[in-house]
Amino acid sequence: MLLSAHNGHVGYLATDPVMYPTTQGVFLRNALGRDYVAIGFTFDRGSFLTAATFGGAWDKVTVPAATPDMQEYTLDRVRYRDYYLDLRTLPAAGRAWLNTPRPVYEAGSSFKNDPLPTLAIGQAYDILIHLDQVHAATKL
């Protein structure tokens, strides 16, 4: 079975723990154990639809390439343009780097960029899909 939802719901950590102290991913892991696998997405740059405030109108937002302090900056420096990574099998150095909270692009039902939220990606997901560039959906 596949559950498709925003990173902040399917993962084990939220970038806004006040709003989401316990994510869907935590409830699912507690219910299903290791049979639940959280897959998160990151991207280096691009456009997406989001609201300026929670519950507001959805508009296109474009963000530049990630800056050196962001998780996505280093993730985008590997030799593959788009790839997936099983975070459960990382060597200790990679795990330590991804377990450190850093700023991330959190493109969901609302988007804030001042400041960007932080997340320890290695603690939030089991598998990560990284895309070099994203494009906003077309509103119908």
# chains A, B, ... in the order shown; residues from 1 in each chain; ligands from 1
call {"tool": "residues_around", "arguments": {"residues": "stretch 38-53 of chain A", "least_positions_apart": "3", "cutoff": "6 Å", "atoms": "only C-alpha atoms", "output": "count of residues only"}}
result
30
call {"tool": "residues_around", "arguments": {"residues": "A:Met19", "least_positions_apart": "3", "cutoff": "12 Å", "atoms": "only C-alpha atoms", "output": "ChimeraX atom specification"}}
result
/A:8-9,13-16,22-23,54
call {"tool": "closest_residue", "arguments": {"among": "A:Met70, A:Leu28, A:Val37, A:Leu2", "to": "A:Leu119", "atoms": "only C-alpha atoms"}}
result
A:Met70
call {"tool": "select_by_dssp", "arguments": {"residues": "stretch 5-59 of chain A", "states": "alpha helix (DSSP H)", "output": "list of chain:residue names"}}
result
A:Asn7, A:Gly8, A:His9, A:Val10, A:Gln24, A:Gly25, A:Val26, A:Phe27, A:Leu28, A:Arg29, A:Asn30, A:Ala31, A:Leu32
call {"tool": "residues_around", "arguments": {"residues": "A:Pro117", "least_positions_apart": "4", "cutoff": "9 Å", "atoms": "only C-alpha atoms", "output": "list in words"}}
result
Thr15, Asp16, Arg102, Pro103, Val104, Tyr105, Glu106, Lys112 and Asn113 of chain A
call {"tool": "write_last_selection", "arguments": {"atoms": "N, CA and C atoms", "output": "short mmCIF file (atom, residue, chain, number, x, y, z; two decimals), in the first residue's frame"}}
result
data_model
loop_
_atom_site.label_atom_id
_atom_site.label_comp_id
_atom_site.auth_asym_id
_atom_site.auth_seq_id
_atom_site.Cartn_x
_atom_site.Cartn_y
_atom_site.Cartn_z
N THR A 15 8.85 19.95 10.59
CA THR A 15 9.61 21.20 10.69
C THR A 15 8.90 22.19 11.61
N ASP A 16 7.63 21.93 11.93
CA ASP A 16 6.87 22.76 12.87
C ASP A 16 6.30 21.85 13.96
N ARG A 102 19.35 21.21 9.56
CA ARG A 102 19.78 22.32 8.72
C ARG A 102 18.55 22.89 8.01
N PRO A 103 18.64 24.11 7.49
CA PRO A 103 17.52 24.67 6.74
C PRO A 103 17.16 23.80 5.54
N VAL A 104 15.85 23.75 5.25
CA VAL A 104 15.33 22.98 4.11
C VAL A 104 14.22 23.78 3.43
N TYR A 105 14.01 23.47 2.15
CA TYR A 105 12.82 23.97 1.46
C TYR A 105 11.67 23.06 1.87
N GLU A 106 10.68 23.61 2.52
CA GLU A 106 9.51 22.85 2.96
C GLU A 106 8.32 23.36 2.17
N LYS A 112 7.09 29.17 4.15
CA LYS A 112 7.75 30.32 4.75
C LYS A 112 9.23 30.21 4.46
N ASN A 113 9.83 31.33 4.12
CA ASN A 113 11.25 31.31 3.78
C ASN A 113 12.08 32.28 4.60
#
call {"tool": "atom_distance", "arguments": {"atom1": "atom CA of A:Leu32", "atom2": "atom CA of A:Gln71"}}
result
28.8 Å
call {"tool": "select_by_dssp", "arguments": {"residues": "stretch 79-115 of chain A", "states": "strand (DSSP E)", "output": "PyMOL selection string"}}
result
chain A and resi 83-86+102-103
call {"tool": "closest_residue", "arguments": {"among": "A:Gly25, A:Leu140, A:Gly33, A:Gly122", "to": "A:Pro91", "atoms": "only C-alpha atoms"}}
result
A:Gly122
call {"tool": "decode", "arguments": {"residues": "stretch 18-32 of chain A", "atoms": "all heavy atoms", "output": "tab-separated table (two decimals), in the first residue's frame"}}
result
chain	number	residue	atom	x	y	z
A	18	VAL	N	5.34	22.43	16.88
A	18	VAL	CA	4.22	22.99	17.64
A	18	VAL	C	2.91	22.63	16.94
A	18	VAL	O	1.95	22.19	17.57
A	18	VAL	CB	4.38	24.52	17.80
A	18	VAL	CG1	3.13	25.13	18.42
A	18	VAL	CG2	5.61	24.83	18.64
A	19	MET	N	2.87	22.80	15.61
A	19	MET	CA	1.67	22.47	14.85
A	19	MET	C	1.49	20.95	14.72
A	19	MET	O	0.38	20.45	14.77
A	19	MET	CB	1.71	23.11	13.46
A	19	MET	CG	0.45	22.84	12.64
A	19	MET	SD	0.46	23.69	11.06
A	19	MET	CE	-0.25	25.25	11.56
A	20	TYR	N	2.59	20.23	14.53
A	20	TYR	CA	2.56	18.77	14.35
A	20	TYR	C	3.52	18.10	15.33
A	20	TYR	O	4.61	17.68	14.96
A	20	TYR	CB	2.97	18.40	12.92
A	20	TYR	CG	2.04	18.92	11.87
A	20	TYR	CD1	2.41	19.97	11.04
A	20	TYR	CD2	0.77	18.36	11.70
A	20	TYR	CE1	1.55	20.45	10.07
A	20	TYR	CE2	-0.10	18.85	10.74
A	20	TYR	CZ	0.30	19.90	9.94
A	20	TYR	OH	-0.55	20.38	8.98
A	21	PRO	N	3.12	18.00	16.62
A	21	PRO	CA	4.03	17.38	17.58
A	21	PRO	C	4.28	15.89	17.29
A	21	PRO	O	5.35	15.38	17.57
A	21	PRO	CB	3.34	17.58	18.92
A	21	PRO	CG	1.92	17.88	18.60
A	21	PRO	CD	1.90	18.47	17.22
A	22	THR	N	3.29	15.23	16.71
A	22	THR	CA	3.43	13.83	16.30
A	22	THR	C	2.89	13.71	14.89
A	22	THR	O	1.74	14.04	14.63
A	22	THR	CB	2.65	12.89	17.24
A	22	THR	OG1	3.05	13.14	18.59
A	22	THR	CG2	2.92	11.43	16.90
A	23	THR	N	3.73	13.25	13.96
A	23	THR	CA	3.33	13.16	12.55
A	23	THR	C	2.60	11.85	12.26
A	23	THR	O	2.65	10.90	13.05
A	23	THR	CB	4.57	13.23	11.65
A	23	THR	OG1	5.39	12.09	11.93
A	23	THR	CG2	5.36	14.52	11.88
A	24	GLN	N	1.94	11.81	11.11
A	24	GLN	CA	1.31	10.56	10.63
A	24	GLN	C	2.34	9.45	10.58
A	24	GLN	O	2.05	8.30	10.90
A	24	GLN	CB	0.76	10.74	9.21
A	24	GLN	CG	-0.53	11.44	9.10
A	24	GLN	CD	-0.95	11.55	7.63
A	24	GLN	OE1	-0.20	11.24	6.71
A	24	GLN	NE2	-2.16	12.01	7.41
A	25	GLY	N	3.55	9.78	10.14
A	25	GLY	CA	4.61	8.79	10.02
A	25	GLY	C	4.90	8.10	11.35
A	25	GLY	O	5.15	6.89	11.39
A	26	VAL	N	4.88	8.85	12.44
A	26	VAL	CA	5.11	8.27	13.76
A	26	VAL	C	3.98	7.32	14.12
A	26	VAL	O	4.20	6.20	14.60
A	26	VAL	CB	5.29	9.37	14.83
A	26	VAL	CG1	5.29	8.77	16.24
A	26	VAL	CG2	6.56	10.16	14.57
A	27	PHE	N	2.73	7.75	13.90
A	27	PHE	CA	1.59	6.87	14.18
A	27	PHE	C	1.66	5.60	13.34
A	27	PHE	O	1.40	4.50	13.83
A	27	PHE	CB	0.26	7.61	13.92
A	27	PHE	CG	-0.06	8.65	14.96
A	27	PHE	CD1	-0.05	9.99	14.63
A	27	PHE	CD2	-0.39	8.28	16.26
A	27	PHE	CE1	-0.35	10.96	15.58
A	27	PHE	CE2	-0.70	9.24	17.23
A	27	PHE	CZ	-0.68	10.58	16.88
A	28	LEU	N	2.00	5.75	12.06
A	28	LEU	CA	2.08	4.58	11.18
A	28	LEU	C	3.23	3.66	11.58
A	28	LEU	O	3.08	2.44	11.57
A	28	LEU	CB	2.22	5.02	9.73
A	28	LEU	CG	0.96	5.65	9.15
A	28	LEU	CD1	1.25	6.34	7.84
A	28	LEU	CD2	-0.12	4.59	8.98
A	29	ARG	N	4.38	4.22	11.95
A	29	ARG	CA	5.50	3.38	12.40
A	29	ARG	C	5.13	2.64	13.68
A	29	ARG	O	5.44	1.47	13.85
A	29	ARG	CB	6.75	4.24	12.59
A	29	ARG	CG	7.95	3.54	13.21
A	29	ARG	CD	8.39	2.26	12.48
A	29	ARG	NE	8.94	2.43	11.19
A	29	ARG	CZ	10.21	2.63	10.88
A	29	ARG	NH1	11.11	2.70	11.83
A	29	ARG	NH2	10.58	2.74	9.63
A	30	ASN	N	4.43	3.33	14.59
A	30	ASN	CA	4.00	2.67	15.83
A	30	ASN	C	3.03	1.54	15.56
A	30	ASN	O	3.06	0.51	16.22
A	30	ASN	CB	3.39	3.68	16.80
A	30	ASN	CG	4.43	4.62	17.39
A	30	ASN	OD1	5.62	4.35	17.37
A	30	ASN	ND2	3.97	5.74	17.91
A	31	ALA	N	2.15	1.72	14.58
A	31	ALA	CA	1.15	0.70	14.25
A	31	ALA	C	1.72	-0.43	13.40
A	31	ALA	O	1.37	-1.59	13.59
A	31	ALA	CB	-0.03	1.34	13.52
A	32	LEU	N	2.62	-0.11	12.48
A	32	LEU	CA	3.09	-1.10	11.50
A	32	LEU	C	4.53	-1.56	11.72
A	32	LEU	O	5.00	-2.47	11.04
A	32	LEU	CB	2.97	-0.51	10.09
A	32	LEU	CG	1.56	-0.08	9.67
A	32	LEU	CD1	1.59	0.66	8.36
A	32	LEU	CD2	0.63	-1.28	9.63
